[in-house]
Amino acid sequence: MIADLLENCGIRTVLIVDDGYDEAPRLADLGATNPDWATFFDDLTEDDEGAIAQAFPGFDLDDADDYSKDEAFLQVVWALKDEISDQATAHILETYEHDQQAMSRFLTEIEGVFAGYGLEVARAGRDFVPHSADADLILIDLFLGAQQADDDMSRSIAGLKEVLENRADSPPAIILMSSHRGIGQKRGRFRDEAGVFASGFRAISKDKLRDTPRRDQILLELARHRADSLKLSSFLQTWRVGMEQAVNATSADLRRLDLEDIAQLQSLLLDDEQEPRSSYMLDLVDRLLVHELEGIGPIITAARALDRMDSSHHPPNTMGDNKDNLNLIYKTLFVHPNRRRLDAKDGFPVRFGDIIALKPNAAAPRGSIFSGNADSVFLVATPACDLVRDPPAAKEALLVEGECLAIDAAAYDPRTPDTTIVIKRGNQKYGVKWKMKNLKTLTSTRLENLLAKDDVIIAGRLRTDHAAQLQQSMLSGTGRLGVMAAMPTNYPIKATILLPNAERTLVALPESLRGMCVVGRANNNKAARIGFDSSQLHDFADALREFEQTTHERSQEKLRGMLEPDRLNILFADGFQIDLTKAMGKGVELKLKTATDEEFKPGKVFYGVDATLSVTDPKALQSIGLVFEISEKLQA
């Protein structure tokens, strides 16, 4: 089945990249100390010295310290290793040769494994870039170097990045392997710096690469979602190429504007509006650039291809620790803080869309608009043109009060139009619920005095369309502007899995699960979906098997049912939806639907609460099955 999937999705060749394939070591691979080298030189025989001198002209033992740092000298020693006495070479080569022999056995085994899937196998060492042009799948070592140092990882990343840049139109699928215990933590850096999409990238330890079910799962996921991953890569690459075209076209338009046009712009518009040239020109460039991007046919074609993504198999949750949709949403809602440097100097010290806030944990200044609630924030709702004139048309700025919310899945509701999903106060993120009837007005002088205080900040400036949506809601209450809908928000979670033992006490599995709670809308209702990192599937299954005999007999059937392969795949691929409100109370029953629409109920889910305090009835506890106790991991 896996071989057919690989064939059908176009994965027919695999390149295995490992420094174990290198024909000769480098100095950093040996781990040899200065005493090791000193002993090597001491143990050289006259015949050894003669052989080296013939291959390395000018060889002189008086320069031994320099030779121990010379890559060329090492290559000579390596080439002569069968001629030089073992007593000498053992001190610097024995450990490396032993490790290489073990690695060679492993690589030969893995070559056979991947050939068994019908793949054509190629191999390469550290200099793998020239061999990567036609590989559909690259299996690459995290550290291309025996010492597994940071430079060895950087070498692997840099090489793969070059491969992906060379093959931007047809990137290979990537499997990262390593014997290093920290591969799970390092895979995020590898993905980001090399520039791969998680949908075309997996990571696995070398020892688990021998495990057929784990290996099959990875190949199944890569093959099943290969076409959609390529669509996503194609869209990004087409956009990057199109961006250069759009920049060139916009530059050509701007060159047609010269000094006389800027002077006319100033005298016939900006003087009257009292708007800085800098701000106007930046707005103009933004709009010209977007217009050019919208006109590039290949970008539209690549974007339309995203509509044809296959939704029959839900992509598994991967690398949840490295996702932060809230940061993406923040960038769509707010202009960059540097943009405020282009504000006109005259008029009010704030502009339309500015959000005035206190720094986190700051005390409210006495007699200020923050008195009584230091967690309030205030949106400037006065039109921009009324704030910048000299004197400004507005006597006072109109402010709408908002309340900072905890930035978690429970607080967020995508159906509420009067909510700003995320703002930043310092390095902390919050959401804001706007109170449209709580209005305040402040003169320019009072605002200047307020903002002069150390603890009062402009937390951000909403983009015009989002600020105008809130302004309209405040003014009319009858409708809102159509703006780009925010992405579903994801919240990193960890889940402790508990099972009742024979004494009807909940006992936790040794390892918790990493994942995401994704909150969005479904049928115009708030919906939350839980997904776990698919790389944990087999470890989770192994842990369940170890607990089977100690689990209460009335929960064993649910445990064994959860071990069915199709149900495990549903848990770690599709995930499940829950009612967060119920899950934060007495818990909610976990329901998994397989491909045959069979509904399986393995246990209960608790979100943000202690399950042991929520389930106290011994009879209910003994048959509860698997308990998923989920908590959010705070985002910076």
# chains A, B, ... in the order shown; residues from 1 in each chain; ligands from 1

call {"tool": "residues_around", "arguments": {"residues": "range 534-545 of chain A", "least_positions_apart": "5", "cutoff": "10 Å", "atoms": "only C-alpha atoms", "output": "number ranges by chain"}}
result
A: 184, 202-204, 208, 211, 213-214, 217-218, 221, 315-320, 497, 499, 509-515, 550-551, 559-560, 562-565, 568-569, 571-573, 575, 626

call {"tool": "residues_around", "arguments": {"residues": "range 98-108 of chain A", "least_positions_apart": "3", "cutoff": "6 Å", "atoms": "only C-alpha atoms", "output": "PyMOL selection string"}}
result
chain A and resi 20+95+111

call {"tool": "residues_around", "arguments": {"residues": "Ser68 in chain A", "least_positions_apart": "2", "cutoff": "9 Å", "atoms": "only C-alpha atoms", "output": "JSON, numbers by chain"}}
result
{"A": [27, 34, 37, 38, 64, 65, 66, 70, 71, 73, 74]}

call {"tool": "closest_residue", "arguments": {"among": "A:Asp151, A:Glu448, A:Asp574, A:Asp324", "to": "Pro349 in chain A", "atoms": "only C-alpha atoms"}}
result
A:Glu448

call {"tool": "select_by_dssp", "arguments": {"residues": "range 150-354 of chain A", "states": "strand (DSSP E or B)", "output": "count of residues only"}}
result
13

call {"tool": "select_by_dssp", "arguments": {"residues": "range 340-486 of chain A", "states": "alpha helix (DSSP H)", "output": "number ranges by chain"}}
result
A: 385-388, 444-451, 464-475

call {"tool": "atom_distance", "arguments": {"atom1": "CA of Leu220 in chain A", "atom2": "CA of Ile11 in chain A"}}
result
11.4 Å
